[in-house]
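Undergrad: So that you have it, the file is final_32.txt, and it contains compact mmCIF, N, CA and C atoms:
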```
# COMPACT_ATOMS: atom_id res chain seq x y z
N MET A 21 219.05 -40.92 27.26
CA MET A 21 217.97 -40.88 28.22
C MET A 21 216.66 -40.74 27.43
N ASP A 22 215.63 -41.39 27.91
CA ASP A 22 214.34 -41.36 27.22
C ASP A 22 213.70 -39.97 27.31
N PRO A 23 212.72 -39.68 26.43
CA PRO A 23 212.14 -38.33 26.38
C PRO A 23 211.41 -37.90 27.66
N VAL A 24 210.71 -38.81 28.31
CA VAL A 24 209.95 -38.43 29.50
C VAL A 24 210.90 -38.08 30.64
N THR A 25 211.89 -38.94 30.89
CA THR A 25 212.87 -38.65 31.94
C THR A 25 213.63 -37.37 31.62
N THR A 26 214.04 -37.20 30.36
CA THR A 26 214.75 -35.99 29.94
C THR A 26 213.92 -34.75 30.22
N ALA A 27 212.63 -34.79 29.88
CA ALA A 27 211.76 -33.64 30.08
C ALA A 27 211.65 -33.30 31.57
N ILE A 28 211.47 -34.31 32.40
CA ILE A 28 211.33 -34.06 33.84
C ILE A 28 212.62 -33.51 34.42
N VAL A 29 213.75 -34.15 34.11
CA VAL A 29 215.04 -33.72 34.66
C VAL A 29 215.39 -32.31 34.17
N ALA A 30 215.20 -32.05 32.89
CA ALA A 30 215.53 -30.73 32.35
C ALA A 30 214.62 -29.65 32.92
N ALA A 31 213.35 -29.94 33.08
CA ALA A 31 212.42 -28.95 33.63
C ALA A 31 212.77 -28.62 35.07
N VAL A 32 213.08 -29.62 35.86
CA VAL A 32 213.46 -29.37 37.25
C VAL A 32 214.78 -28.60 37.30
N ALA A 33 215.71 -28.93 36.40
CA ALA A 33 216.99 -28.22 36.34
C ALA A 33 216.81 -26.76 35.97
N SER A 34 215.78 -26.46 35.18
CA SER A 34 215.54 -25.08 34.79
C SER A 34 214.88 -24.28 35.90
N GLU A 35 214.55 -24.97 36.99
CA GLU A 35 213.94 -24.39 38.18
C GLU A 35 212.53 -23.89 37.93
N LEU A 36 211.93 -24.27 36.82
CA LEU A 36 210.54 -23.98 36.51
C LEU A 36 210.18 -22.51 36.69
N SER A 37 211.12 -21.63 36.33
CA SER A 37 210.93 -20.21 36.58
C SER A 37 209.93 -19.54 35.63
N LYS A 38 209.76 -20.08 34.47
CA LYS A 38 208.85 -19.48 33.51
C LYS A 38 207.48 -20.15 33.59
N ALA A 39 206.43 -19.37 33.48
CA ALA A 39 205.06 -19.90 33.60
C ALA A 39 204.78 -20.98 32.56
N ALA A 40 205.23 -20.77 31.33
CA ALA A 40 204.95 -21.75 30.27
C ALA A 40 205.60 -23.10 30.59
N ILE A 41 206.82 -23.07 31.11
CA ILE A 41 207.51 -24.31 31.47
C ILE A 41 206.81 -24.95 32.66
N SER A 42 206.48 -24.15 33.63
CA SER A 42 205.80 -24.66 34.83
C SER A 42 204.46 -25.29 34.47
N ASN A 43 203.70 -24.63 33.60
CA ASN A 43 202.39 -25.17 33.19
C ASN A 43 202.54 -26.49 32.44
N SER A 44 203.52 -26.57 31.55
CA SER A 44 203.75 -27.80 30.79
C SER A 44 204.21 -28.93 31.72
N TYR A 45 205.06 -28.60 32.65
CA TYR A 45 205.54 -29.59 33.62
C TYR A 45 204.38 -30.10 34.47
N ASP A 46 203.54 -29.17 34.94
CA ASP A 46 202.37 -29.56 35.75
C ASP A 46 201.43 -30.46 34.95
N ALA A 47 201.26 -30.18 33.65
CA ALA A 47 200.40 -31.00 32.80
C ALA A 47 200.96 -32.41 32.66
N LEU A 48 202.28 -32.52 32.49
CA LEU A 48 202.91 -33.83 32.39
C LEU A 48 202.75 -34.60 33.70
N LYS A 49 203.00 -33.93 34.80
CA LYS A 49 202.87 -34.59 36.10
C LYS A 49 201.43 -35.02 36.37
N ALA A 50 200.47 -34.18 36.01
CA ALA A 50 199.05 -34.52 36.20
C ALA A 50 198.68 -35.75 35.37
N ALA A 51 199.21 -35.83 34.15
CA ALA A 51 198.93 -36.99 33.29
C ALA A 51 199.53 -38.26 33.89
N LEU A 52 200.72 -38.15 34.47
CA LEU A 52 201.34 -39.32 35.12
C LEU A 52 200.51 -39.77 36.32
N LYS A 53 200.02 -38.81 37.10
CA LYS A 53 199.18 -39.15 38.26
C LYS A 53 197.87 -39.79 37.82
N LYS A 54 197.27 -39.25 36.77
CA LYS A 54 196.00 -39.78 36.28
C LYS A 54 196.16 -41.21 35.76
N LYS A 55 197.22 -41.43 35.00
CA LYS A 55 197.40 -42.74 34.38
C LYS A 55 197.92 -43.79 35.37
N PHE A 56 198.84 -43.40 36.23
CA PHE A 56 199.52 -44.38 37.09
C PHE A 56 199.12 -44.29 38.56
N GLY A 57 198.45 -43.21 38.95
CA GLY A 57 198.01 -43.04 40.33
C GLY A 57 198.98 -42.21 41.15
N SER A 58 198.43 -41.41 42.03
CA SER A 58 199.25 -40.52 42.86
C SER A 58 200.21 -41.29 43.77
N GLY A 59 199.81 -42.50 44.15
CA GLY A 59 200.65 -43.30 45.04
C GLY A 59 201.56 -44.28 44.31
N SER A 60 201.65 -44.16 43.00
CA SER A 60 202.47 -45.10 42.23
C SER A 60 203.96 -44.86 42.47
N ASP A 61 204.74 -45.90 42.21
CA ASP A 61 206.20 -45.78 42.34
C ASP A 61 206.74 -44.70 41.39
N LEU A 62 206.13 -44.59 40.21
CA LEU A 62 206.57 -43.60 39.23
C LEU A 62 206.38 -42.18 39.76
N VAL A 63 205.19 -41.86 40.22
CA VAL A 63 204.92 -40.51 40.74
C VAL A 63 205.76 -40.27 41.99
N GLY A 64 205.95 -41.29 42.80
CA GLY A 64 206.81 -41.17 43.96
C GLY A 64 208.24 -40.84 43.56
N ALA A 65 208.72 -41.46 42.49
CA ALA A 65 210.08 -41.19 42.00
C ALA A 65 210.20 -39.75 41.51
N VAL A 66 209.16 -39.24 40.84
CA VAL A 66 209.17 -37.84 40.39
C VAL A 66 209.23 -36.92 41.60
N ASN A 67 208.39 -37.19 42.60
CA ASN A 67 208.37 -36.35 43.81
C ASN A 67 209.71 -36.39 44.54
N GLN A 68 210.30 -37.56 44.65
CA GLN A 68 211.59 -37.68 45.32
C GLN A 68 212.69 -36.95 44.54
N PHE A 69 212.65 -37.04 43.22
CA PHE A 69 213.63 -36.34 42.39
C PHE A 69 213.51 -34.83 42.56
N GLU A 70 212.28 -34.34 42.64
CA GLU A 70 212.08 -32.89 42.82
C GLU A 70 212.71 -32.39 44.11
N LYS A 71 212.71 -33.23 45.15
CA LYS A 71 213.28 -32.83 46.44
C LYS A 71 214.80 -32.75 46.40
N LYS A 72 215.44 -33.61 45.61
CA LYS A 72 216.90 -33.63 45.50
C LYS A 72 217.31 -33.82 44.04
N PRO A 73 217.13 -32.77 43.23
CA PRO A 73 217.41 -32.90 41.79
C PRO A 73 218.88 -33.12 41.44
N ASP A 74 219.78 -32.87 42.38
CA ASP A 74 221.21 -33.09 42.12
C ASP A 74 221.63 -34.53 42.43
N SER A 75 220.71 -35.33 42.94
CA SER A 75 221.03 -36.69 43.33
C SER A 75 221.02 -37.63 42.12
N ASP A 76 222.18 -38.21 41.84
CA ASP A 76 222.27 -39.18 40.74
C ASP A 76 221.43 -40.42 41.04
N ALA A 77 221.34 -40.80 42.31
CA ALA A 77 220.55 -41.97 42.70
C ALA A 77 219.07 -41.73 42.42
N ARG A 78 218.59 -40.53 42.72
CA ARG A 78 217.17 -40.24 42.47
C ARG A 78 216.88 -40.12 40.99
N LYS A 79 217.83 -39.61 40.23
CA LYS A 79 217.67 -39.54 38.78
C LYS A 79 217.62 -40.96 38.20
N ALA A 80 218.47 -41.83 38.70
CA ALA A 80 218.48 -43.23 38.25
C ALA A 80 217.17 -43.92 38.63
N MET A 81 216.66 -43.64 39.83
CA MET A 81 215.39 -44.22 40.26
C MET A 81 214.26 -43.75 39.36
N LEU A 82 214.26 -42.47 39.02
CA LEU A 82 213.25 -41.92 38.12
C LEU A 82 213.31 -42.62 36.77
N ARG A 83 214.51 -42.74 36.22
CA ARG A 83 214.69 -43.41 34.93
C ARG A 83 214.18 -44.85 35.00
N GLU A 84 214.50 -45.54 36.09
CA GLU A 84 214.07 -46.93 36.27
C GLU A 84 212.55 -47.04 36.34
N GLU A 85 211.90 -46.15 37.06
CA GLU A 85 210.45 -46.19 37.19
C GLU A 85 209.75 -45.83 35.88
N VAL A 86 210.32 -44.90 35.13
CA VAL A 86 209.77 -44.56 33.81
C VAL A 86 209.82 -45.78 32.89
N GLU A 87 210.95 -46.49 32.92
CA GLU A 87 211.10 -47.69 32.09
C GLU A 87 210.17 -48.80 32.57
N ALA A 88 210.10 -49.02 33.88
CA ALA A 88 209.27 -50.09 34.43
C ALA A 88 207.79 -49.88 34.12
N ALA A 89 207.35 -48.64 34.13
CA ALA A 89 205.94 -48.34 33.87
C ALA A 89 205.64 -48.23 32.37
N LYS A 90 206.68 -48.35 31.55
CA LYS A 90 206.54 -48.26 30.09
C LYS A 90 205.86 -46.94 29.67
N VAL A 91 206.26 -45.88 30.35
CA VAL A 91 205.69 -44.56 30.11
C VAL A 91 205.91 -44.11 28.66
N ASN A 92 207.04 -44.48 28.11
CA ASN A 92 207.37 -44.04 26.74
C ASN A 92 206.56 -44.75 25.68
N ASP A 93 205.69 -45.67 26.07
CA ASP A 93 204.77 -46.31 25.13
C ASP A 93 203.44 -45.58 25.06
N ASP A 94 203.25 -44.57 25.88
CA ASP A 94 201.99 -43.83 25.94
C ASP A 94 202.09 -42.56 25.09
N PRO A 95 201.35 -42.49 23.97
CA PRO A 95 201.47 -41.34 23.07
C PRO A 95 201.08 -40.01 23.71
N GLU A 96 200.08 -40.01 24.59
CA GLU A 96 199.65 -38.77 25.24
C GLU A 96 200.76 -38.21 26.13
N ILE A 97 201.38 -39.08 26.91
CA ILE A 97 202.44 -38.63 27.81
C ILE A 97 203.68 -38.23 27.02
N LEU A 98 203.99 -38.98 25.97
CA LEU A 98 205.12 -38.59 25.11
C LEU A 98 204.90 -37.21 24.51
N GLN A 99 203.67 -36.92 24.09
CA GLN A 99 203.37 -35.61 23.51
C GLN A 99 203.54 -34.51 24.56
N LEU A 100 203.08 -34.76 25.78
CA LEU A 100 203.25 -33.78 26.85
C LEU A 100 204.74 -33.55 27.16
N ALA A 101 205.52 -34.63 27.15
CA ALA A 101 206.96 -34.51 27.38
C ALA A 101 207.61 -33.71 26.25
N GLN A 102 207.20 -33.98 25.02
CA GLN A 102 207.76 -33.24 23.87
C GLN A 102 207.38 -31.77 23.93
N ASP A 103 206.13 -31.48 24.32
CA ASP A 103 205.70 -30.09 24.46
C ASP A 103 206.57 -29.37 25.50
N LEU A 104 206.84 -30.05 26.61
CA LEU A 104 207.68 -29.47 27.66
C LEU A 104 209.09 -29.22 27.14
N LEU A 105 209.64 -30.20 26.43
CA LEU A 105 210.99 -30.03 25.87
C LEU A 105 211.02 -28.87 24.87
N ASP A 106 209.97 -28.74 24.06
CA ASP A 106 209.91 -27.64 23.09
C ASP A 106 209.88 -26.28 23.80
N LYS A 107 209.14 -26.19 24.89
CA LYS A 107 209.09 -24.93 25.65
C LYS A 107 210.44 -24.63 26.30
N LEU A 108 211.10 -25.67 26.78
CA LEU A 108 212.43 -25.49 27.35
C LEU A 108 213.41 -24.99 26.30
N LYS A 109 213.33 -25.54 25.09
CA LYS A 109 214.23 -25.13 24.00
C LYS A 109 214.07 -23.66 23.67
N ASP A 110 212.85 -23.15 23.84
CA ASP A 110 212.57 -21.75 23.51
C ASP A 110 213.16 -20.77 24.51
N GLU A 111 213.54 -21.25 25.67
CA GLU A 111 214.09 -20.39 26.72
C GLU A 111 215.60 -20.22 26.54
N PRO A 112 216.13 -19.06 26.95
CA PRO A 112 217.59 -18.88 26.89
C PRO A 112 218.29 -19.95 27.74
N GLY A 113 219.22 -20.64 27.12
CA GLY A 113 219.96 -21.70 27.82
C GLY A 113 219.20 -23.01 27.91
N GLY A 114 217.98 -23.05 27.42
CA GLY A 114 217.15 -24.26 27.51
C GLY A 114 217.74 -25.44 26.76
N GLN A 115 218.21 -25.21 25.54
CA GLN A 115 218.80 -26.30 24.77
C GLN A 115 220.03 -26.84 25.46
N GLN A 116 220.81 -25.97 26.08
CA GLN A 116 222.00 -26.41 26.82
C GLN A 116 221.61 -27.30 28.00
N ILE A 117 220.54 -26.95 28.71
CA ILE A 117 220.08 -27.78 29.83
C ILE A 117 219.66 -29.15 29.32
N ILE A 118 218.93 -29.18 28.21
CA ILE A 118 218.49 -30.46 27.63
C ILE A 118 219.69 -31.30 27.21
N ASN A 119 220.64 -30.66 26.52
CA ASN A 119 221.84 -31.39 26.07
C ASN A 119 222.61 -31.96 27.26
N GLN A 120 222.76 -31.16 28.30
CA GLN A 120 223.48 -31.61 29.49
C GLN A 120 222.74 -32.77 30.14
N THR A 121 221.42 -32.68 30.19
CA THR A 121 220.60 -33.74 30.78
C THR A 121 220.77 -35.05 30.00
N GLN A 122 220.83 -34.96 28.69
CA GLN A 122 220.93 -36.15 27.86
C GLN A 122 222.30 -36.78 27.87
N THR A 123 223.35 -36.00 28.12
CA THR A 123 224.70 -36.57 28.04
C THR A 123 225.27 -36.98 29.38
N ASN A 124 224.71 -36.50 30.49
CA ASN A 124 225.22 -36.91 31.79
C ASN A 124 224.92 -38.38 32.04
N THR A 125 225.87 -39.03 32.65
CA THR A 125 225.67 -40.42 33.02
C THR A 125 225.32 -40.48 34.50
N ALA A 126 225.13 -41.66 35.04
CA ALA A 126 224.76 -41.79 36.45
C ALA A 126 225.79 -41.15 37.36
N SER A 127 227.04 -41.13 36.95
CA SER A 127 228.08 -40.53 37.79
C SER A 127 228.18 -39.04 37.57
N GLY A 128 227.48 -38.52 36.57
CA GLY A 128 227.53 -37.10 36.30
C GLY A 128 228.66 -36.71 35.36
N ASN A 129 229.38 -37.69 34.82
CA ASN A 129 230.50 -37.40 33.93
C ASN A 129 230.41 -38.28 32.70
N THR A 130 230.88 -37.74 31.58
CA THR A 130 231.01 -38.52 30.37
C THR A 130 232.51 -38.65 30.11
N VAL A 131 232.97 -39.87 29.96
CA VAL A 131 234.39 -40.10 29.75
C VAL A 131 234.61 -40.92 28.49
N GLY A 132 235.80 -40.88 27.97
CA GLY A 132 236.13 -41.67 26.80
C GLY A 132 237.56 -42.16 26.91
N GLY A 133 237.91 -43.07 26.04
CA GLY A 133 239.27 -43.59 26.05
C GLY A 133 239.29 -45.10 26.09
N ASP A 134 240.49 -45.65 26.14
CA ASP A 134 240.66 -47.10 26.21
C ASP A 134 240.81 -47.49 27.68
N PHE A 135 239.96 -48.39 28.11
CA PHE A 135 239.99 -48.82 29.49
C PHE A 135 240.22 -50.31 29.57
N LYS A 136 241.00 -50.70 30.56
CA LYS A 136 241.19 -52.12 30.84
C LYS A 136 240.61 -52.37 32.22
N PHE A 137 239.58 -53.20 32.27
CA PHE A 137 238.95 -53.50 33.55
C PHE A 137 239.55 -54.78 34.11
N ALA A 138 240.00 -54.69 35.34
CA ALA A 138 240.61 -55.83 36.01
C ALA A 138 240.18 -55.81 37.48
N PRO A 139 240.26 -56.93 38.15
CA PRO A 139 239.90 -56.92 39.57
C PRO A 139 240.75 -55.93 40.33
N VAL A 140 240.14 -55.29 41.31
CA VAL A 140 240.87 -54.31 42.11
C VAL A 140 241.91 -55.02 42.97
N GLN A 141 241.52 -56.15 43.53
CA GLN A 141 242.42 -56.88 44.38
C GLN A 141 242.21 -58.36 44.13
N GLU A 142 243.26 -59.04 43.81
CA GLU A 142 243.16 -60.47 43.54
C GLU A 142 243.34 -61.30 44.81
N GLY A 143 243.79 -60.68 45.86
CA GLY A 143 244.02 -61.43 47.09
C GLY A 143 245.43 -61.97 47.12
N VAL A 144 245.74 -62.62 48.18
CA VAL A 144 247.09 -63.19 48.36
C VAL A 144 247.06 -64.59 47.78
N LYS A 145 248.01 -64.84 46.88
CA LYS A 145 248.10 -66.18 46.28
C LYS A 145 248.97 -67.08 47.16
N LYS A 146 248.46 -68.26 47.41
CA LYS A 146 249.20 -69.22 48.21
C LYS A 146 250.25 -69.87 47.36
N THR A 147 251.40 -70.07 47.95
CA THR A 147 252.49 -70.73 47.21
C THR A 147 252.80 -72.09 47.76
```
Would you give me this structure, written as structure tokens?
TA:
Amino acid sequence: MDPVTTAIVAAVASELSKAAISNSYDALKAALKKKFGSGSDLVGAVNQFEKKPDSDARKAMLREEVEAAKVNDDPEILQLAQDLLDKLKDEPGGQQIINQTQTNTASGNTVGGDFKFAPVQEGVKKT
């Protein structure tokens, strides 16, 4: 997951209980609003994710909007995201939240092994 999405997801997961995390998160959000506009799809995706942070669909939408807006090409926003991640790391359990955020997939699970993908149903073959 990219740094901006990771910072947003991890900060919301931490419930923004500490003032330093909350201030850094607010600074990142303010920069996104300033650069992309309060009514942008990106800021809308952040707002929607905040309402339902456990939603994989909203997390995917946030990731998609971050990529579409090329947010990770902006050095100022990347620095704000990194500052937020650094503050999260300093909190008890913060690194664990970041690690979990980075390894979860859209389904919420990471799996491994040998898989064979085949059609679920081939239909009835005519003879």
Undergrad: With 10 Å as the threshold, what does the neighbourhood of (213.6, -36.4, 33.2) contain in terms of residues, counting only C-alpha atoms? Coordinates are those of the file; answer as number ranges by chain.
TA: A: 21-33, 66, 69, 79-80, 82-83, 86, 101, 118, 121-122
Undergrad: May I have the residues within 7 Å of Leu104 of chain A as a PDB file with N, CA and C atoms, in the frame of the given file, using only C-alpha atoms and disregarding those fewer than 4 positions away in the same chain?
TA:
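This went into around_27.pdb:
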```pdb
ATOM      1  N   ALA A  27     212.630 -34.790  29.880  1.00  0.00           N
ATOM      2  CA  ALA A  27     211.760 -33.640  30.080  1.00  0.00           C
ATOM      3  C   ALA A  27     211.650 -33.300  31.570  1.00  0.00           C
ATOM      4  N   ILE A  41     206.820 -23.070  31.110  1.00  0.00           N
ATOM      5  CA  ILE A  41     207.510 -24.310  31.470  1.00  0.00           C
ATOM      6  C   ILE A  41     206.810 -24.950  32.660  1.00  0.00           C
ATOM      7  N   SER A  44     203.520 -26.570  31.550  1.00  0.00           N
ATOM      8  CA  SER A  44     203.750 -27.800  30.790  1.00  0.00           C
ATOM      9  C   SER A  44     204.210 -28.930  31.720  1.00  0.00           C
ATOM     10  N   TYR A  45     205.060 -28.600  32.650  1.00  0.00           N
ATOM     11  CA  TYR A  45     205.540 -29.590  33.620  1.00  0.00           C
ATOM     12  C   TYR A  45     204.380 -30.100  34.470  1.00  0.00           C
ATOM     13  N   LEU A 100     203.080 -34.760  25.780  1.00  0.00           N
ATOM     14  CA  LEU A 100     203.250 -33.780  26.850  1.00  0.00           C
ATOM     15  C   LEU A 100     204.740 -33.550  27.160  1.00  0.00           C
ATOM     16  N   LEU A 108     211.100 -25.670  26.780  1.00  0.00           N
ATOM     17  CA  LEU A 108     212.430 -25.490  27.350  1.00  0.00           C
ATOM     18  C   LEU A 108     213.410 -24.990  26.300  1.00  0.00           C
TER      19      LEU A 108
END
```
Undergrad: Mind giving me the straight-line distance from atom N of Ala50 of chain A to atom C of Pro73 of chain A in Å, one decimal?
TA: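 Separation of atom N of Ala50 of chain A and atom C of Pro73 of chain A: 19.2 Å.
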Undergrad: Using all atoms listed in the file, can you tell me which of A:Ala65, A:Gln116, A:Asn43, A:Pro95 comes closest to Met81 of chain A?
TA: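 Ranked by minimum distance to Met81 of chain A, first place goes to A:Ala65.
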Undergrad: Would you mind reading off the distance between atom CA of Asp103 of chain A and atom CA of Ala51 of chain A, one decimal, in Å?
TA: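 Between atom CA of Asp103 of chain A and atom CA of Ala51 of chain A the gap works out to 13.1 Å.
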Undergrad: Could you jot down the atom C of Ser75 of chain A to atom N of Ser34 of chain A separation for me, Å, one decimal place?
TA: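 Computing it gives 14.2 Å between the two atoms.
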Undergrad: Residues proximal to (205.4, -42.7, 31.9) were defined as those with any atom within 8 Å of that point in the file's coordinates, counting only N, CA and C atoms. Which are they, as a tab-separated table (two decimals) with N, CA and C atoms, keeping the file's coordinate frame?
TA:
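Output below, filename part35.tsv:
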```
chain	number	residue	atom	x	y	z
A	24	VAL	N	210.71	-38.81	28.31
A	24	VAL	CA	209.95	-38.43	29.50
A	24	VAL	C	210.90	-38.08	30.64
A	25	THR	N	211.89	-38.94	30.89
A	25	THR	CA	212.87	-38.65	31.94
A	25	THR	C	213.63	-37.37	31.62
A	51	ALA	N	199.21	-35.83	34.15
A	51	ALA	CA	198.93	-36.99	33.29
A	51	ALA	C	199.53	-38.26	33.89
A	52	LEU	N	200.72	-38.15	34.47
A	52	LEU	CA	201.34	-39.32	35.12
A	52	LEU	C	200.51	-39.77	36.32
A	56	PHE	N	198.84	-43.40	36.23
A	56	PHE	CA	199.52	-44.38	37.09
A	56	PHE	C	199.12	-44.29	38.56
A	62	LEU	N	206.13	-44.59	40.21
A	62	LEU	CA	206.57	-43.60	39.23
A	62	LEU	C	206.38	-42.18	39.76
A	85	GLU	N	211.90	-46.15	37.06
A	85	GLU	CA	210.45	-46.19	37.19
A	85	GLU	C	209.75	-45.83	35.88
A	86	VAL	N	210.32	-44.90	35.13
A	86	VAL	CA	209.77	-44.56	33.81
A	86	VAL	C	209.82	-45.78	32.89
A	87	GLU	N	210.95	-46.49	32.92
A	87	GLU	CA	211.10	-47.69	32.09
A	87	GLU	C	210.17	-48.80	32.57
A	88	ALA	N	210.10	-49.02	33.88
A	88	ALA	CA	209.27	-50.09	34.43
A	88	ALA	C	207.79	-49.88	34.12
A	89	ALA	N	207.35	-48.64	34.13
A	89	ALA	CA	205.94	-48.34	33.87
A	89	ALA	C	205.64	-48.23	32.37
A	90	LYS	N	206.68	-48.35	31.55
A	90	LYS	CA	206.54	-48.26	30.09
A	90	LYS	C	205.86	-46.94	29.67
A	91	VAL	N	206.26	-45.88	30.35
A	91	VAL	CA	205.69	-44.56	30.11
A	91	VAL	C	205.91	-44.11	28.66
A	92	ASN	N	207.04	-44.48	28.11
A	92	ASN	CA	207.37	-44.04	26.74
A	92	ASN	C	206.56	-44.75	25.68
A	93	ASP	N	205.69	-45.67	26.07
A	93	ASP	CA	204.77	-46.31	25.13
A	93	ASP	C	203.44	-45.58	25.06
A	94	ASP	N	203.25	-44.57	25.88
A	94	ASP	CA	201.99	-43.83	25.94
A	94	ASP	C	202.09	-42.56	25.09
A	97	ILE	N	201.38	-39.08	26.91
A	97	ILE	CA	202.44	-38.63	27.81
A	97	ILE	C	203.68	-38.23	27.02
A	98	LEU	N	203.99	-38.98	25.97
A	98	LEU	CA	205.12	-38.59	25.11
A	98	LEU	C	204.90	-37.21	24.51
```
Undergrad: Write out as lines of an AutoDock Vina configuration file an axis-aligned box for segment 89-95 of chain A: all of its atoms listed in the file, 8 Å added on each side, centre and edge lengths in Å with one decimal.
TA:
```
center_x = 204.2
center_y = -44.3
center_z = 28.6
size_x = 22.3
size_y = 24.6
size_z = 27.1
```
